[in-house]
Each structure stands twice: as C-alpha cells, then as structure tokens.
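K.L.:
What follows is start_12.pdb, PDB, C-alpha atoms, pLDDT in the B column.
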ATOM      1  CA  MET U 196       7.397  -8.545   9.586  1.00 59.00           C
ATOM      2  CA  ASN U 197       4.851 -11.085   8.393  1.00 68.00           C
ATOM      3  CA  ILE U 198       1.863 -11.587  10.632  1.00 65.00           C
ATOM      4  CA  THR U 199       0.459 -15.032  10.024  1.00 70.00           C
ATOM      5  CA  LYS U 200      -1.935 -15.248  12.951  1.00 69.00           C
ATOM      6  CA  VAL U 201      -4.136 -12.641  14.599  1.00 72.00           C
ATOM      7  CA  TYR U 202      -4.937 -14.569  17.762  1.00 73.00           C
ATOM      8  CA  THR U 203      -2.522 -16.551  19.907  1.00 75.00           C
ATOM      9  CA  ARG U 204      -4.690 -17.362  22.953  1.00 74.00           C
ATOM     10  CA  GLY U 205      -1.718 -16.221  25.048  1.00 70.00           C
ATOM     11  CA  GLY U 206      -3.660 -13.354  26.594  1.00 70.00           C
ATOM     12  CA  ASP U 207      -6.834 -15.236  27.436  1.00 72.00           C
ATOM     13  CA  LYS U 208      -6.004 -15.220  31.152  1.00 71.00           C
ATOM     14  CA  GLY U 209      -5.329 -11.483  31.394  1.00 77.00           C
ATOM     15  CA  GLN U 210      -1.608 -11.452  30.714  1.00 70.00           C
ATOM     16  CA  THR U 211       0.444 -10.454  27.697  1.00 75.00           C
ATOM     17  CA  SER U 212       4.076 -10.499  26.634  1.00 77.00           C
ATOM     18  CA  LEU U 213       6.324  -7.470  26.517  1.00 73.00           C
ATOM     19  CA  VAL U 214       9.180  -7.003  24.081  1.00 82.00           C
ATOM     20  CA  GLY U 215      11.713  -9.524  25.417  1.00 78.00           C
ATOM     21  CA  GLY U 216       9.079 -12.063  26.470  1.00 74.00           C
ATOM     22  CA  GLN U 217       8.240 -11.033  30.044  1.00 79.00           C
ATOM     23  CA  ARG U 218       4.612 -11.734  30.932  1.00 83.00           C
ATOM     24  CA  VAL U 219       2.656  -8.932  32.626  1.00 76.00           C
ATOM     25  CA  SER U 220      -0.925  -8.202  33.570  1.00 69.00           C
ATOM     26  CA  LYS U 221      -3.016  -6.486  30.932  1.00 73.00           C
ATOM     27  CA  ALA U 222      -4.056  -4.114  33.737  1.00 72.00           C
ATOM     28  CA  SER U 223      -0.496  -2.835  34.301  1.00 89.00           C
ATOM     29  CA  ILE U 224       0.396   0.836  33.846  1.00 95.00           C
ATOM     30  CA  ARG U 225       2.831  -0.223  31.110  1.00 91.00           C
ATOM     31  CA  LEU U 226      -0.015  -1.709  29.071  1.00 93.00           C
ATOM     32  CA  GLU U 227      -2.204   1.295  29.827  1.00 95.00           C
ATOM     33  CA  SER U 228       0.589   3.535  28.545  1.00 96.00           C
ATOM     34  CA  TYR U 229       1.179   1.906  25.203  1.00 94.00           C
ATOM     35  CA  GLY U 230      -2.499   1.030  24.809  1.00 96.00           C
ATOM     36  CA  THR U 231      -3.356   4.727  25.125  1.00 97.00           C
ATOM     37  CA  VAL U 232      -0.673   5.558  22.563  1.00 98.00           C
ATOM     38  CA  ASP U 233      -2.310   3.005  20.245  1.00 97.00           C
ATOM     39  CA  GLU U 234      -5.703   4.627  20.874  1.00 98.00           C
ATOM     40  CA  LEU U 235      -4.170   7.994  20.000  1.00 98.00           C
ATOM     41  CA  SER U 236      -2.843   6.592  16.733  1.00 98.00           C
ATOM     42  CA  SER U 237      -6.335   5.319  15.871  1.00 98.00           C
ATOM     43  CA  HIS U 238      -7.822   8.744  16.566  1.00 98.00           C
ATOM     44  CA  LEU U 239      -5.100  10.299  14.394  1.00 98.00           C
ATOM     45  CA  GLY U 240      -6.131   7.951  11.585  1.00 97.00           C
ATOM     46  CA  LEU U 241      -9.673   9.284  11.854  1.00 97.00           C
ATOM     47  CA  LEU U 242      -8.332  12.839  11.909  1.00 97.00           C
ATOM     48  CA  ALA U 243      -6.287  12.178   8.760  1.00 96.00           C
ATOM     49  CA  ALA U 244      -9.429  10.920   7.014  1.00 95.00           C
ATOM     50  CA  MET U 245     -11.216  14.168   7.936  1.00 94.00           C
ATOM     51  CA  LEU U 246      -8.463  16.583   6.919  1.00 93.00           C
ATOM     52  CA  PRO U 247      -8.931  18.704   3.811  1.00 80.00           C
ATOM     53  CA  ASP U 248      -6.740  17.463   0.955  1.00 83.00           C
ATOM     54  CA  GLY U 249      -3.197  18.726   1.206  1.00 78.00           C
ATOM     55  CA  HIS U 250      -3.459  19.776   4.863  1.00 75.00           C
ATOM     56  CA  GLU U 251      -1.230  17.943   7.318  1.00 88.00           C
ATOM     57  CA  GLN U 252      -1.941  14.354   6.133  1.00 91.00           C
ATOM     58  CA  ASP U 253       1.760  13.594   5.600  1.00 93.00           C
ATOM     59  CA  LEU U 254       2.690  14.882   9.044  1.00 96.00           C
ATOM     60  CA  VAL U 255      -0.142  12.983  10.729  1.00 97.00           C
ATOM     61  CA  LEU U 256       1.031   9.778   9.019  1.00 96.00           C
ATOM     62  CA  ARG U 257       4.593  10.507  10.156  1.00 96.00           C
ATOM     63  CA  ILE U 258       3.312  10.992  13.712  1.00 98.00           C
ATOM     64  CA  GLN U 259       1.465   7.672  13.567  1.00 98.00           C
ATOM     65  CA  ASN U 260       4.689   5.959  12.486  1.00 96.00           C
ATOM     66  CA  THR U 261       6.615   7.635  15.311  1.00 97.00           C
ATOM     67  CA  LEU U 262       3.953   6.499  17.766  1.00 97.00           C
ATOM     68  CA  PHE U 263       4.821   2.905  16.834  1.00 95.00           C
ATOM     69  CA  ASN U 264       8.365   3.663  18.021  1.00 95.00           C
ATOM     70  CA  VAL U 265       6.906   5.141  21.210  1.00 97.00           C
ATOM     71  CA  GLY U 266       4.744   2.047  21.756  1.00 96.00           C
ATOM     72  CA  THR U 267       7.701  -0.296  21.227  1.00 94.00           C
ATOM     73  CA  ASN U 268       9.716   1.770  23.703  1.00 95.00           C
ATOM     74  CA  LEU U 269       6.951   1.569  26.298  1.00 96.00           C
ATOM     75  CA  ALA U 270       6.452  -2.176  25.680  1.00 95.00           C
ATOM     76  CA  THR U 271      10.082  -2.798  26.609  1.00 93.00           C
ATOM     77  CA  ASP U 272      11.090  -3.270  30.236  1.00 93.00           C
ATOM     78  CA  GLN U 273      14.453  -1.554  29.824  1.00 90.00           C
ATOM     79  CA  GLU U 274      15.721  -2.991  33.096  1.00 90.00           C
ATOM     80  CA  GLN U 275      15.450  -6.499  31.623  1.00 90.00           C
ATOM     81  CA  THR U 276      15.612  -6.045  27.843  1.00 91.00           C
ATOM     82  CA  PRO U 277      17.726  -3.652  25.780  1.00 91.00           C
ATOM     83  CA  LEU U 278      15.728  -1.374  23.480  1.00 89.00           C
ATOM     84  CA  TYR U 279      15.424  -2.533  19.899  1.00 86.00           C
ATOM     85  CA  PRO U 280      16.592   0.058  17.372  1.00 84.00           C
ATOM     86  CA  SER U 281      12.928   0.430  16.354  1.00 79.00           C
ATOM     87  CA  ALA U 282      12.093   1.570  19.884  1.00 83.00           C
ATOM     88  CA  HIS U 283      14.186   4.706  19.581  1.00 90.00           C
ATOM     89  CA  LEU U 284      12.466   7.807  18.281  1.00 92.00           C
ATOM     90  CA  PRO U 285      13.823   8.988  14.952  1.00 92.00           C
ATOM     91  CA  GLU U 286      16.216  11.901  15.352  1.00 93.00           C
ATOM     92  CA  GLY U 287      14.582  15.330  15.323  1.00 96.00           C
ATOM     93  CA  GLU U 288      10.906  14.339  15.678  1.00 97.00           C
ATOM     94  CA  THR U 289      10.274  16.489  18.762  1.00 97.00           C
ATOM     95  CA  GLU U 290      12.028  19.431  17.130  1.00 98.00           C
ATOM     96  CA  LEU U 291       9.895  18.956  14.005  1.00 97.00           C
ATOM     97  CA  LEU U 292       6.744  19.287  16.118  1.00 98.00           C
ATOM     98  CA  GLU U 293       8.123  22.410  17.785  1.00 98.00           C
ATOM     99  CA  LYS U 294       8.843  23.929  14.382  1.00 98.00           C
ATOM    100  CA  GLU U 295       5.304  23.090  13.194  1.00 97.00           C
ATOM    101  CA  VAL U 296       3.786  24.646  16.325  1.00 97.00           C
ATOM    102  CA  ASP U 297       5.829  27.822  15.818  1.00 97.00           C
ATOM    103  CA  THR U 298       4.850  28.020  12.136  1.00 97.00           C
ATOM    104  CA  ILE U 299       1.150  27.540  12.858  1.00 96.00           C
ATOM    105  CA  MET U 300       1.193  30.070  15.684  1.00 94.00           C
ATOM    106  CA  GLN U 301       2.560  32.697  13.297  1.00 95.00           C
ATOM    107  CA  GLU U 302      -0.352  32.035  10.908  1.00 93.00           C
ATOM    108  CA  LEU U 303      -3.081  32.350  13.537  1.00 90.00           C
ATOM    109  CA  PRO U 304      -4.688  35.465  14.958  1.00 83.00           C
ATOM    110  CA  GLU U 305      -3.915  36.286  18.582  1.00 81.00           C
ATOM    111  CA  ARG U 306      -5.937  34.175  20.956  1.00 76.00           C
ATOM    112  CA  HIS U 307      -7.988  35.587  23.839  1.00 71.00           C
ATOM    113  CA  GLY U 308      -9.367  33.232  26.479  1.00 73.00           C
ATOM    114  CA  PHE U 309      -9.587  29.478  26.808  1.00 84.00           C
ATOM    115  CA  ILE U 310     -10.723  27.724  23.645  1.00 81.00           C
ATOM    116  CA  LEU U 311     -13.610  25.285  23.812  1.00 82.00           C
ATOM    117  CA  PRO U 312     -13.037  22.187  21.658  1.00 85.00           C
ATOM    118  CA  GLY U 313     -15.141  22.217  18.512  1.00 89.00           C
ATOM    119  CA  GLY U 314     -15.540  23.967  15.209  1.00 92.00           C
ATOM    120  CA  THR U 315     -15.154  21.819  12.125  1.00 95.00           C
ATOM    121  CA  GLN U 316     -15.277  18.035  12.426  1.00 96.00           C
ATOM    122  CA  ALA U 317     -11.543  17.841  11.739  1.00 96.00           C
ATOM    123  CA  ALA U 318     -10.743  20.485  14.367  1.00 96.00           C
ATOM    124  CA  ALA U 319     -12.981  18.749  16.921  1.00 96.00           C
ATOM    125  CA  GLN U 320     -11.211  15.462  16.155  1.00 98.00           C
ATOM    126  CA  ALA U 321      -7.828  17.169  16.598  1.00 97.00           C
ATOM    127  CA  HIS U 322      -9.017  18.186  20.079  1.00 97.00           C
ATOM    128  CA  VAL U 323     -10.042  14.567  20.794  1.00 98.00           C
ATOM    129  CA  CYS U 324      -6.535  13.521  19.709  1.00 98.00           C
ATOM    130  CA  ARG U 325      -5.054  16.177  21.992  1.00 98.00           C
ATOM    131  CA  THR U 326      -6.962  14.934  25.033  1.00 98.00           C
ATOM    132  CA  VAL U 327      -6.083  11.292  24.350  1.00 98.00           C
ATOM    133  CA  CYS U 328      -2.461  12.430  23.931  1.00 98.00           C
ATOM    134  CA  ARG U 329      -2.594  14.149  27.334  1.00 98.00           C
ATOM    135  CA  ARG U 330      -3.989  10.949  28.884  1.00 98.00           C
ATOM    136  CA  ALA U 331      -1.161   8.974  27.276  1.00 98.00           C
ATOM    137  CA  GLU U 332       1.272  11.471  28.760  1.00 98.00           C
ATOM    138  CA  ARG U 333      -0.203  11.001  32.244  1.00 98.00           C
ATOM    139  CA  CYS U 334       0.116   7.217  31.885  1.00 98.00           C
ATOM    140  CA  ILE U 335       3.711   7.525  30.676  1.00 98.00           C
ATOM    141  CA  VAL U 336       4.593   9.766  33.617  1.00 98.00           C
ATOM    142  CA  ALA U 337       3.022   7.216  36.001  1.00 97.00           C
ATOM    143  CA  LEU U 338       5.021   4.446  34.322  1.00 97.00           C
ATOM    144  CA  SER U 339       8.220   6.497  34.594  1.00 97.00           C
ATOM    145  CA  GLU U 340       7.711   6.639  38.364  1.00 97.00           C
ATOM    146  CA  VAL U 341       8.049   2.836  38.621  1.00 96.00           C
ATOM    147  CA  ALA U 342      10.101   1.882  35.553  1.00 95.00           C
ATOM    148  CA  LYS U 343      12.687   3.284  33.191  1.00 94.00           C
ATOM    149  CA  VAL U 344      11.147   5.300  30.331  1.00 94.00           C
ATOM    150  CA  SER U 345      13.250   7.055  27.732  1.00 92.00           C
ATOM    151  CA  PRO U 346      13.000  10.818  28.382  1.00 93.00           C
ATOM    152  CA  GLU U 347      12.551  11.585  24.669  1.00 95.00           C
ATOM    153  CA  VAL U 348       9.259   9.637  24.773  1.00 97.00           C
ATOM    154  CA  GLN U 349       7.788  11.986  27.384  1.00 96.00           C
ATOM    155  CA  GLN U 350       9.105  15.034  25.528  1.00 97.00           C
ATOM    156  CA  TYR U 351       7.649  13.880  22.216  1.00 98.00           C
ATOM    157  CA  ILE U 352       4.203  13.129  23.650  1.00 98.00           C
ATOM    158  CA  ASN U 353       4.152  16.475  25.466  1.00 98.00           C
ATOM    159  CA  ARG U 354       5.041  18.346  22.288  1.00 98.00           C
ATOM    160  CA  LEU U 355       2.557  16.306  20.258  1.00 98.00           C
ATOM    161  CA  SER U 356      -0.338  17.528  22.401  1.00 98.00           C
ATOM    162  CA  ASP U 357       0.815  21.107  21.779  1.00 97.00           C
ATOM    163  CA  TYR U 358       0.877  20.460  18.033  1.00 98.00           C
ATOM    164  CA  LEU U 359      -2.630  18.965  18.109  1.00 98.00           C
ATOM    165  CA  PHE U 360      -3.925  22.004  19.998  1.00 96.00           C
ATOM    166  CA  VAL U 361      -2.649  24.480  17.428  1.00 96.00           C
ATOM    167  CA  LEU U 362      -3.622  22.176  14.552  1.00 96.00           C
ATOM    168  CA  ALA U 363      -7.244  22.335  15.735  1.00 96.00           C
ATOM    169  CA  GLN U 364      -7.038  26.126  15.709  1.00 95.00           C
ATOM    170  CA  LYS U 365      -5.465  26.120  12.245  1.00 95.00           C
ATOM    171  CA  LEU U 366      -8.179  23.859  10.837  1.00 95.00           C
ATOM    172  CA  ASN U 367     -10.895  26.164  12.155  1.00 95.00           C
ATOM    173  CA  PHE U 368      -9.046  29.221  10.852  1.00 94.00           C
ATOM    174  CA  ILE U 369      -8.693  27.711   7.354  1.00 92.00           C
ATOM    175  CA  ALA U 370     -12.406  26.870   7.347  1.00 88.00           C
ATOM    176  CA  GLY U 371     -13.362  30.373   8.496  1.00 88.00           C
ATOM    177  CA  LYS U 372     -14.795  29.086  11.783  1.00 83.00           C
ATOM    178  CA  SER U 373     -14.227  31.353  14.744  1.00 81.00           C
ATOM    179  CA  GLU U 374     -13.128  29.712  17.969  1.00 78.00           C
ATOM    180  CA  LYS U 375     -15.591  29.530  20.830  1.00 81.00           C
ATOM    181  CA  THR U 376     -14.056  30.592  24.128  1.00 73.00           C
ATOM    182  CA  TRP U 377     -14.960  29.759  27.689  1.00 81.00           C
ATOM    183  CA  GLN U 378     -17.459  32.180  29.151  1.00 77.00           C
ATOM    184  CA  ASN U 379     -17.037  31.913  32.901  1.00 60.00           C
ATOM    185  CA  ALA U 380     -20.567  31.884  34.261  1.00 52.00           C
ATOM    186  CA  CYS U 381     -19.204  32.609  37.749  1.00 52.00           C
ATOM    187  CA  LYS U 382     -18.143  36.165  36.825  1.00 53.00           C
TER
END
What is this structure when it is put down as structure tokens?
P.N.:
Amino acid sequence: MNITKVYTRGGDKGQTSLVGGQRVSKASIRLESYGTVDELSSHLGLLAAMLPDGHEQDLVLRIQNTLFNVGTNLATDQEQTPLYPSAHLPEGETELLEKEVDTIMQELPERHGFILPGGTQAAAQAHVCRTVCRRAERCIVALSEVAKVSPEVQQYINRLSDYLFVLAQKLNFIAGKSEKTWQNACK
C-alpha cells in the first residue's frame, strides 16, 4: 500500500472513516478500541528498543504486526462490511503466546506476592505495555457489548497481557534484579 498523503482533512470535524467507508465519531468506543491497540503497538516499539540484543525482539515485532490485524478487525463494522483477509488474526498467534508464557514460567523462580511494576527499564516498559494492553482489552469488551467483535481478538489481547507480565519478570530475572512485591501497609 502506497501512502501518498498524510493528511486528508476528512477528520477535521471529529469524524473518521471505518474500513468500508462508514463515518463515525472519533469519540466512539470503536475508535477508542483500535486507538488503544495502536498506543500499545507504540509502547511495544519502545520496549523492543530497550530489550537486550537477542531477547524477544522478533516476537515483539511479530506481536506488533498482529496488532495491525487486530486494529483492522476493530476498525471494521462487521454488521455492514465483511472482514478483509488482513483483519483476521494469523492462525496460531494466541497459542504461540500461551507457549511463550509457559516456557517463561518454567524459567522463573516461584513467585510470592503481588509484583510491583519496575526493575530494569525494559521490564518497567513491559509492565506499561501490559497495562495499556489491559485497557485495550476493556475497550474491546465494551465494543463487543454493542457491536460484533471477532472472539479471537479478545482472546489474543487477553493472552498478550499475560505474556507481557511474565516477560517483565523474565527481563528482571535475566538482569539479576529481584522483583519488588506489594507490602500491605494495612496488615
């Protein structure tokens, strides 16, 4: 796809076009959903730049590519426009994340207590990605209450937040940083 123009002036009055051409408010839950997925992808780009060489960059790039599929899916009103092939998630992406989570969990020491986000810069950024991912999930669930959303989109985003959680732990473990846990001051 060649992009010849960055601005179109089409959104100057607070509306934008979905896949298929329908015009909707930029304040709609649909836009909030795929806008949050786009924000997540940007945070993942920052995470990839922070990762130690050879650690997870390829998977993070793959996730960013899959998030474009997710965004296209969310930008399509499936009751009015059939999904483009590019809106479908590639086969096996959710299962890949599950496998990665299981592999990482086997490498990590047993966890005790609730982990506070932090540690290395990369681990802290993985936690930022996780929280943005959870917000995207909440938006997608809200959208699914008023419009058709492919179930694999919700599953993928849910699993992605799990992966980002254990990735943060892995990055701290590799760096020799111990996790800080919540100390309930009300005890």
K.L.:
Can you work out which one of U:Lys375, U:Arg218, U:Arg330, U:Arg225 has the shortest atom-to-atom distance to His307 of chain U, counting all atoms listed in the file?
P.N.:
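Comparing U:Lys375, U:Arg218, U:Arg330, U:Arg225 against His307 of chain U, the winner is U:Lys375.
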K.L.:
Kindly resolve the PyMOL selection byres ((chain U and resi 284) around 9) on the present coordinates and return the residues as a CSV table (one decimal) with C-alpha atoms, in the frame of the given file.
P.N.:
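What landed in part_5.csv:
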chain,number,residue,atom,x,y,z
U,261,THR,CA,6.6,7.6,15.3
U,262,LEU,CA,4.0,6.5,17.8
U,264,ASN,CA,8.4,3.7,18.0
U,265,VAL,CA,6.9,5.1,21.2
U,268,ASN,CA,9.7,1.8,23.7
U,280,PRO,CA,16.6,0.1,17.4
U,281,SER,CA,12.9,0.4,16.4
U,282,ALA,CA,12.1,1.6,19.9
U,283,HIS,CA,14.2,4.7,19.6
U,285,PRO,CA,13.8,9.0,15.0
U,286,GLU,CA,16.2,11.9,15.4
U,287,GLY,CA,14.6,15.3,15.3
U,288,GLU,CA,10.9,14.3,15.7
U,289,THR,CA,10.3,16.5,18.8
U,347,GLU,CA,12.6,11.6,24.7
U,348,VAL,CA,9.3,9.6,24.8
U,351,TYR,CA,7.6,13.9,22.2
K.L.:
Using only C-alpha atoms, can you tell me which of U:Lys372, U:Glu305, U:Leu235, U:Leu278 comes closest to Thr326 of chain U?
P.N.:
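Nearest to Thr326 of chain U: U:Leu235.
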K.L.:
Excluding Asn353 of chain U and its own-chain neighbours fewer than 4 positions away, which residues fall within 9 Å of it when counting all atoms listed in the file? Please give them as a compact mmCIF listing (two decimals) with C-alpha atoms, keeping the file's coordinate frame.
P.N.:
# COMPACT_ATOMS: atom_id res chain seq x y z
CA CYS U 328 -2.46 12.43 23.93
CA ARG U 329 -2.59 14.15 27.33
CA GLU U 332 1.27 11.47 28.76
CA VAL U 348 9.26 9.64 24.77
CA GLN U 349 7.79 11.99 27.38
CA ASP U 357 0.82 21.11 21.78
K.L.:
Do a neighbour search on segment 341-343 of chain U at 10 Å with all atoms listed in the file, toss out local chain neighbours closer than 2 positions, and write the hits as a PyMOL selection string.
P.N.:
chain U and resi 224-225+269+271-274+335-339+345-346
K.L.:
For a test of reading the model, state the distance in Å between atom CA of Thr267 of chain U and atom CA of Phe360 of chain U, rounded to one decimal.
P.N.:
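Straight-line distance from atom CA of Thr267 of chain U to atom CA of Phe360 of chain U works out to 25.2 Å.
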K.L.:
Skip Gln316 of chain U itself and residues of its chain fewer than 4 positions away, then list as a VMD selection string all residues within 10 Å of it, counting only C-alpha atoms.
P.N.:
chain U and resid 242 245 to 246 320 to 322 363 366 to 367
K.L.:
Can you give me, as a ChimeraX atom specification, the residues this file yields under the PyMOL selection byres ((chain U and resi 236) around 10)?
P.N.:
/U:230-235,237-242,255-256,258-263,324,327-328
K.L.:
Could you take the residues named above and write them with C-alpha atoms, as a tab-separated table (two decimals), in the frame of the given file?
P.N.:
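The result, written out as part.tsv:
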chain	number	residue	atom	x	y	z
U	230	GLY	CA	-2.50	1.03	24.81
U	231	THR	CA	-3.36	4.73	25.12
U	232	VAL	CA	-0.67	5.56	22.56
U	233	ASP	CA	-2.31	3.00	20.24
U	234	GLU	CA	-5.70	4.63	20.87
U	235	LEU	CA	-4.17	7.99	20.00
U	237	SER	CA	-6.34	5.32	15.87
U	238	HIS	CA	-7.82	8.74	16.57
U	239	LEU	CA	-5.10	10.30	14.39
U	240	GLY	CA	-6.13	7.95	11.58
U	241	LEU	CA	-9.67	9.28	11.85
U	242	LEU	CA	-8.33	12.84	11.91
U	255	VAL	CA	-0.14	12.98	10.73
U	256	LEU	CA	1.03	9.78	9.02
U	258	ILE	CA	3.31	10.99	13.71
U	259	GLN	CA	1.46	7.67	13.57
U	260	ASN	CA	4.69	5.96	12.49
U	261	THR	CA	6.62	7.64	15.31
U	262	LEU	CA	3.95	6.50	17.77
U	263	PHE	CA	4.82	2.90	16.83
U	324	CYS	CA	-6.54	13.52	19.71
U	327	VAL	CA	-6.08	11.29	24.35
U	328	CYS	CA	-2.46	12.43	23.93
K.L.:
Report, in Å to a single decimal, how far apart atom CA of Gln378 of chain U and atom CA of Thr298 of chain U are.
P.N.:
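Interatomic distance here is 28.4 Å.
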K.L.:
To one decimal in Å, tell me the separation between atom CA of Lys221 of chain U and atom CA of Gly209 of chain U.
P.N.:
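Computing it gives 5.5 Å between the two atoms.
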K.L.:
Taking the file as shown, find all residues satisfying the PyMOL selection byres ((chain U and resi 309) around 12) and write them as a list in words.
P.N.:
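Checked against the file, the PyMOL selection byres ((chain U and resi 309) around 12) matches Arg306, His307, Gly308, Ile310, Leu311, Pro312, Phe360, Gln364, Glu374, Lys375, Thr376, Trp377, Gln378 and Asn379 of chain U.
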K.L.:
Smallest atom-to-atom distance to Arg325 of chain U: which of U:Leu254, U:Leu359, U:Ala244, U:Ile369, using only C-alpha atoms?
P.N.:
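Counting only C-alpha atoms, the residue closest to Arg325 of chain U is U:Leu359.
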K.L.:
Quick one: segment 354-367 of chain U with N, CA, C and O atoms, as an mmCIF file, in the frame of the given file?
P.N.:
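Heads up, here's the output in part_26.cif:
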data_model
loop_
_atom_site.group_PDB
_atom_site.id
_atom_site.type_symbol
_atom_site.label_atom_id
_atom_site.label_comp_id
_atom_site.auth_asym_id
_atom_site.auth_seq_id
_atom_site.Cartn_x
_atom_site.Cartn_y
_atom_site.Cartn_z
ATOM 1 N N ARG U 354 5.030 17.441 23.431
ATOM 2 C CA ARG U 354 5.041 18.346 22.288
ATOM 3 C C ARG U 354 3.924 18.007 21.296
ATOM 4 O O ARG U 354 3.349 18.885 20.672
ATOM 5 N N LEU U 355 3.617 16.725 21.167
ATOM 6 C CA LEU U 355 2.557 16.306 20.258
ATOM 7 C C LEU U 355 1.211 16.891 20.677
ATOM 8 O O LEU U 355 0.440 17.353 19.830
ATOM 9 N N SER U 356 0.937 16.939 21.968
ATOM 10 C CA SER U 356 -0.338 17.528 22.401
ATOM 11 C C SER U 356 -0.386 19.017 22.074
ATOM 12 O O SER U 356 -1.441 19.548 21.703
ATOM 13 N N ASP U 357 0.762 19.692 22.170
ATOM 14 C CA ASP U 357 0.815 21.107 21.779
ATOM 15 C C ASP U 357 0.508 21.269 20.288
ATOM 16 O O ASP U 357 -0.251 22.161 19.889
ATOM 17 N N TYR U 358 1.117 20.407 19.480
ATOM 18 C CA TYR U 358 0.877 20.460 18.033
ATOM 19 C C TYR U 358 -0.609 20.238 17.726
ATOM 20 O O TYR U 358 -1.202 20.960 16.916
ATOM 21 N N LEU U 359 -1.217 19.262 18.379
ATOM 22 C CA LEU U 359 -2.630 18.965 18.109
ATOM 23 C C LEU U 359 -3.530 20.125 18.512
ATOM 24 O O LEU U 359 -4.535 20.400 17.856
ATOM 25 N N PHE U 360 -3.162 20.835 19.564
ATOM 26 C CA PHE U 360 -3.925 22.004 19.998
ATOM 27 C C PHE U 360 -3.903 23.095 18.933
ATOM 28 O O PHE U 360 -4.948 23.629 18.546
ATOM 29 N N VAL U 361 -2.722 23.415 18.433
ATOM 30 C CA VAL U 361 -2.649 24.480 17.428
ATOM 31 C C VAL U 361 -3.170 24.004 16.070
ATOM 32 O O VAL U 361 -3.699 24.811 15.303
ATOM 33 N N LEU U 362 -3.051 22.706 15.795
ATOM 34 C CA LEU U 362 -3.622 22.176 14.552
ATOM 35 C C LEU U 362 -5.135 22.382 14.538
ATOM 36 O O LEU U 362 -5.699 22.778 13.514
ATOM 37 N N ALA U 363 -5.794 22.125 15.658
ATOM 38 C CA ALA U 363 -7.244 22.335 15.735
ATOM 39 C C ALA U 363 -7.584 23.790 15.422
ATOM 40 O O ALA U 363 -8.512 24.079 14.654
ATOM 41 N N GLN U 364 -6.810 24.704 15.979
ATOM 42 C CA GLN U 364 -7.038 26.126 15.709
ATOM 43 C C GLN U 364 -6.824 26.440 14.233
ATOM 44 O O GLN U 364 -7.607 27.183 13.624
ATOM 45 N N LYS U 365 -5.766 25.885 13.658
ATOM 46 C CA LYS U 365 -5.465 26.120 12.245
ATOM 47 C C LYS U 365 -6.596 25.617 11.349
ATOM 48 O O LYS U 365 -7.005 26.296 10.407
ATOM 49 N N LEU U 366 -7.105 24.430 11.659
ATOM 50 C CA LEU U 366 -8.179 23.859 10.837
ATOM 51 C C LEU U 366 -9.432 24.725 10.887
ATOM 52 O O LEU U 366 -10.101 24.922 9.867
ATOM 53 N N ASN U 367 -9.752 25.258 12.054
ATOM 54 C CA ASN U 367 -10.895 26.164 12.155
ATOM 55 C C ASN U 367 -10.627 27.466 11.413
ATOM 56 O O ASN U 367 -11.503 27.996 10.726
#
